[in-house]
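The next block holds one structure in the form of C-alpha cells; read it before the comments.
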Amino acid sequence: MKKIALISGANKGIGLETARQLGQLGITVLLGARDLAKGVAAAQTLKQEGIDAHAVQFDVLKSADIQAAVARIEREFGVLDILVNNAAILTETLGSINTALTVSEADLRKTFDTNFFAVISVTNAFVPLLRKSVAGRIVNVSSIVSSLTTQTQGLSAKMLAYDASKTALNAYTVHLADALKDTKIKVNSANPGWVKTDMGTDAAPMDVQYGAKTEVYLATLPEDGPTGGFFHLEDPLPW
C-alpha cells in the first residue's frame with residue numbers, strides 16, 4: 001500500500017522539492033498550498049514526471065482549510081503516513097535594523113503565528129490520521145538559526161522573530177516526540193541548510209535538491225530511526 005505524505009507550503013521551493021523526492025520514492029504526495037491554483041500547477045508538473053501528486057487548499061492559518069484537508073485525506077485515503085510542516089514566513093532581512101531591541105511586536109506575532117502556532121494546530125489535527133499509519137513520521141522544518149548553541153558561538157544571523165520562532169519549533173519537536181513516544185510516530189526537526197529559494201535568496205550556496213534531502217531522510221526513517229532530534233542530512237545538530 002502506498003504511503004501518503006502531506007507537505008505544507010509545497011507549491012514552490014523546498015516544499016515542492018521535498019514532494020518531488022518523496023514522490024520519486026513511490027509515495028503519494030499532497031501539496032498543501034495557500035493558493036490552490038499554484039498548488040494545482042505544481043502538482044501537474046510533478047504528475048508529468050510520473051509522480052502521484054495532488055494539490056490541497058491549505059492555508060495553515062485557517063482552521064477551515066485544516067479541517068477540510070483532514071476530512072479529505074480521511075475520506076480519500078483513510079490514513080496519513082508523513083506530515084512535513086514546511087510552511088513558514090520570514091519578515092526580517094539580514095543586516096536590517098530589526099534587532100532584539102527594535103523588532104516590532106507585530107513582526108513577532110505574525111512570524112510566530114505561522115512558524116510555531118500554526119504547526120501545532122496542523123499537527124494536532126492530523127495526529128489521529130498519523131496514528132493509523134504503521135510508521136507515522138512528522139518533520140518540522142526548522143533552521144540552523146534556531147540553535148541557541150550555534151547562536152552563542154558566533155552565528156551572525158540575528159533575526160529575533162524568525163530565529164526565536166524556529167527555536168520554539170524545536171522545543172515543540174522535543175515535547176511532541178515525548179508525548180508520542182509510546183506510538184509508532186517519530187517526530188524530528190530538520191535544518192535544510194541555506195538554500196536558494198524565495199526566502200533564502202540567490203545568495204544561498206545550496207540548491208533545493210540538496211535542501212530537501214534532510215526532510216526526505218526524516219520522513220522515511222526506518223523503525224529504529226531517531227525521534228525527538230534536530231538534524232541536517234543524517235547528522236544531529238546541537239539545540
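Here, A, B, ... name the chains of the C-alpha cells in the order displayed, residue numbers run from 1 inside each chain, and ligands are numbered from 1 in the same displayed order.
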
For the structure I just gave you, how does DSSP split stretch 3-234 of chain A - specifically, which residues are helix (DSSP H, G or I)? Reply as an MDAnalysis selection string. chainID A and resid 13:23 36:48 63:76 105:131 144:146 148:151 160:179 208:211 213:219

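Every protein or nucleic acid residue with an atom no more than 7 Å from stretch 155-166 of chain A, counting only C-alpha atoms and leaving out same-chain residues fewer than 6 positions away, appears here: A:Leu90, A:Glu92, A:Leu94, A:Asn98, A:Thr99, A:Ala100, A:Asp107, A:Leu108, A:Thr111, A:Phe112, A:Asn115, A:Phe116, A:Ser142, A:Ser143, A:Val145, A:Ser146.
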
Output file for the selection above: N, CA and C atoms, as an mmCIF file, in the first residue's frame:
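The resulting part.cif:
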```cif
data_model
loop_
_atom_site.group_PDB
_atom_site.id
_atom_site.type_symbol
_atom_site.label_atom_id
_atom_site.label_comp_id
_atom_site.auth_asym_id
_atom_site.auth_seq_id
_atom_site.Cartn_x
_atom_site.Cartn_y
_atom_site.Cartn_z
ATOM 1 N N LEU A 90 9.246 34.703 6.722
ATOM 2 C CA LEU A 90 10.374 35.488 7.225
ATOM 3 C C LEU A 90 10.077 36.946 6.915
ATOM 4 N N GLU A 92 11.946 39.470 8.307
ATOM 5 C CA GLU A 92 13.168 40.240 8.513
ATOM 6 C C GLU A 92 14.174 39.978 7.402
ATOM 7 N N LEU A 94 18.622 39.960 6.726
ATOM 8 C CA LEU A 94 19.946 40.066 7.337
ATOM 9 C C LEU A 94 20.473 41.490 7.194
ATOM 10 N N ASN A 98 16.116 45.421 12.396
ATOM 11 C CA ASN A 98 15.143 44.679 13.186
ATOM 12 C C ASN A 98 15.858 43.769 14.181
ATOM 13 N N THR A 99 16.483 44.368 15.178
ATOM 14 C CA THR A 99 17.248 43.624 16.170
ATOM 15 C C THR A 99 16.364 43.277 17.356
ATOM 16 N N ALA A 100 16.954 42.631 18.369
ATOM 17 C CA ALA A 100 16.211 42.314 19.578
ATOM 18 C C ALA A 100 15.706 43.569 20.274
ATOM 19 N N ASP A 107 5.679 42.032 14.063
ATOM 20 C CA ASP A 107 6.504 41.049 13.356
ATOM 21 C C ASP A 107 6.629 39.757 14.164
ATOM 22 N N LEU A 108 6.824 39.905 15.467
ATOM 23 C CA LEU A 108 6.938 38.727 16.325
ATOM 24 C C LEU A 108 5.667 37.886 16.268
ATOM 25 N N THR A 111 5.095 36.256 12.754
ATOM 26 C CA THR A 111 6.035 35.163 12.498
ATOM 27 C C THR A 111 5.698 33.941 13.328
ATOM 28 N N PHE A 112 5.423 34.144 14.610
ATOM 29 C CA PHE A 112 5.085 33.013 15.473
ATOM 30 C C PHE A 112 3.763 32.374 15.077
ATOM 31 N N ASN A 115 4.947 30.195 11.950
ATOM 32 C CA ASN A 115 6.083 29.287 12.136
ATOM 33 C C ASN A 115 5.966 28.405 13.362
ATOM 34 N N PHE A 116 5.108 28.770 14.298
ATOM 35 C CA PHE A 116 5.002 27.993 15.544
ATOM 36 C C PHE A 116 3.562 27.572 15.843
ATOM 37 N N SER A 142 12.922 23.319 10.391
ATOM 38 C CA SER A 142 13.500 24.345 11.240
ATOM 39 C C SER A 142 14.627 25.047 10.486
ATOM 40 N N SER A 143 15.666 25.451 11.194
ATOM 41 C CA SER A 143 16.787 26.171 10.591
ATOM 42 C C SER A 143 17.944 26.171 11.567
ATOM 43 N N VAL A 145 19.520 28.643 12.445
ATOM 44 C CA VAL A 145 19.416 29.834 13.299
ATOM 45 C C VAL A 145 18.597 29.567 14.551
ATOM 46 N N SER A 146 17.922 28.430 14.600
ATOM 47 C CA SER A 146 17.157 28.056 15.795
ATOM 48 C C SER A 146 18.059 27.592 16.931
#
```

Residues within 8 Å of A:Ala42, only C-alpha atoms, excluding chain neighbours under 5 positions, as a CSV table (one decimal) with N, CA and C atoms, in the first residue's frame:
```csv
chain,number,residue,atom,x,y,z
A,11,ASN,N,4.0,24.3,-3.0
A,11,ASN,CA,3.8,24.7,-4.4
A,11,ASN,C,5.1,25.3,-4.9
A,12,LYS,N,6.1,25.5,-4.1
A,12,LYS,CA,7.4,26.0,-4.6
A,12,LYS,C,8.5,25.7,-3.6
A,16,LEU,N,8.2,22.0,-2.5
A,16,LEU,CA,7.9,21.3,-3.7
A,16,LEU,C,9.0,20.3,-4.0
A,31,LEU,N,0.2,18.2,-2.0
A,31,LEU,CA,0.9,19.5,-2.0
A,31,LEU,C,0.0,20.6,-1.3
A,55,ALA,N,-3.0,18.5,-5.4
A,55,ALA,CA,-3.0,19.8,-4.7
A,55,ALA,C,-4.1,19.8,-3.6
```

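Minimum distance to A:Pro222 across A:Ala171, A:Ile185, A:Ala190, A:Ala118 (counting only C-alpha atoms) occurs at A:Ile185.
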
Leaving out A:Thr227 and any residue of its chain fewer than 5 positions from it, which residues lie within 7 Å of it when counting only C-alpha atoms, given as a JSON list (two decimals) with N, CA and C atoms, in the first residue's frame?
```
[["chain", "number", "residue", "atom", "x", "y", "z"],
["A", 177, "ALA", "N", 7.57, 14.66, 20.48],
["A", 177, "ALA", "CA", 8.18, 13.33, 20.43],
["A", 177, "ALA", "C", 7.97, 12.59, 21.74],
["A", 186, "LYS", "N", 7.28, 9.03, 14.69],
["A", 186, "LYS", "CA", 8.56, 9.67, 15.00],
["A", 186, "LYS", "C", 8.47, 11.15, 14.62],
["A", 187, "VAL", "N", 9.06, 12.00, 15.46],
["A", 187, "VAL", "CA", 8.99, 13.46, 15.27],
["A", 187, "VAL", "C", 10.40, 14.04, 15.32],
["A", 188, "ASN", "N", 10.77, 14.77, 14.29],
["A", 188, "ASN", "CA", 12.11, 15.38, 14.27],
["A", 188, "ASN", "C", 12.08, 16.74, 13.60]]
```

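Distances to A:Ile73 were evaluated for A:Val119, A:Val56, A:Ile144, A:Val216 using only C-alpha atoms, and the minimum falls at A:Val56.
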
Can you check which residues of stretch 68-121 of chain A DSSP gives as strand (DSSP E or B) on the backbone and send them as a VMD selection string? chain A and resid 82 to 85

Find the residue from A:His54, A:Ser63, A:Leu130, A:His175 that sits nearest to A:Ala41; use only C-alpha atoms when measuring.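 Smallest distance to A:Ala41 is found for A:His54.
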
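For the choices A:Leu83, A:Ala37, A:Ala179, A:Ala68, the atom-to-atom distance to A:Asn140 is smallest for A:Leu83 when using only C-alpha atoms.
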
Do a neighbour search on A:Leu6 at 12 Å with only C-alpha atoms, toss out local chain neighbours closer than 2 positions, and write the hits as a PyMOL selection string. chain A and resi 3-4+8-11+15-16+18-20+22-23+27-33+53-58+66+69-70+72-73+77+79-87+122-123+126+129-130+136-139+219

Using only C-alpha atoms, which protein or nucleic acid residues come within 9 Å of A:Ser189? Drop anything in the same chain fewer than 4 positions from it, and give the result as a short mmCIF file (atom, residue, chain, number, x, y, z; two decimals) with N, CA and C atoms, in the first residue's frame.
```cif
data_model
loop_
_atom_site.label_atom_id
_atom_site.label_comp_id
_atom_site.auth_asym_id
_atom_site.auth_seq_id
_atom_site.Cartn_x
_atom_site.Cartn_y
_atom_site.Cartn_z
N ILE A 138 6.59 12.76 11.42
CA ILE A 138 6.35 14.19 11.42
C ILE A 138 7.69 14.90 11.31
N VAL A 139 7.80 15.78 10.32
CA VAL A 139 9.04 16.53 10.10
C VAL A 139 8.72 18.02 10.24
N ASN A 140 9.33 18.65 11.22
CA ASN A 140 9.19 20.09 11.41
C ASN A 140 10.40 20.78 10.78
N VAL A 141 10.17 21.58 9.75
CA VAL A 141 11.27 22.21 9.04
C VAL A 141 11.74 23.43 9.84
N SER A 142 12.92 23.32 10.39
CA SER A 142 13.50 24.34 11.24
C SER A 142 14.63 25.05 10.49
N SER A 143 15.67 25.45 11.19
CA SER A 143 16.79 26.17 10.59
C SER A 143 17.94 26.17 11.57
N LEU A 169 9.90 26.11 17.72
CA LEU A 169 9.50 24.93 16.95
C LEU A 169 10.30 23.71 17.38
N ASN A 170 11.60 23.90 17.62
CA ASN A 170 12.43 22.79 18.09
C ASN A 170 11.96 22.29 19.45
N THR A 173 9.08 20.13 18.92
CA THR A 173 9.52 18.81 18.44
C THR A 173 9.86 17.90 19.60
N VAL A 174 10.62 18.41 20.56
CA VAL A 174 11.03 17.61 21.73
C VAL A 174 9.80 17.18 22.53
N GLU A 215 14.69 16.63 4.93
CA GLU A 215 13.28 16.36 5.15
C GLU A 215 12.91 14.95 4.67
N LEU A 218 14.24 12.27 7.09
CA LEU A 218 13.45 12.18 8.32
C LEU A 218 12.04 11.67 8.06
N GLY A 228 12.65 12.92 18.19
CA GLY A 228 12.93 14.00 19.12
C GLY A 228 14.28 14.65 18.90
N GLY A 229 14.79 14.62 17.66
CA GLY A 229 16.10 15.17 17.37
C GLY A 229 16.05 16.31 16.37
N PHE A 230 17.23 16.90 16.15
CA PHE A 230 17.40 18.03 15.23
C PHE A 230 18.54 17.64 14.30
N PHE A 231 18.28 17.62 12.98
CA PHE A 231 19.23 17.05 12.03
C PHE A 231 19.46 17.93 10.81
N HIS A 232 20.67 17.80 10.25
CA HIS A 232 20.97 18.24 8.90
C HIS A 232 21.51 17.02 8.18
#
```

Using only C-alpha atoms, which of A:Thr214, A:Thr220, A:Gln209, A:Gln151 sits nearest A:Pro238?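 Among the listed residues, the smallest separation from A:Pro238 belongs to A:Gln151.
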
Taking only C-alpha atoms into account, name the residue in A:Val134, A:Leu180, A:Val208, A:Leu101 that is nearest to A:Ile14. A:Val208

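One distance worth recording is that between atom CA of A:Thr114 and atom CA of A:Pro192, which is 18.2 Å.
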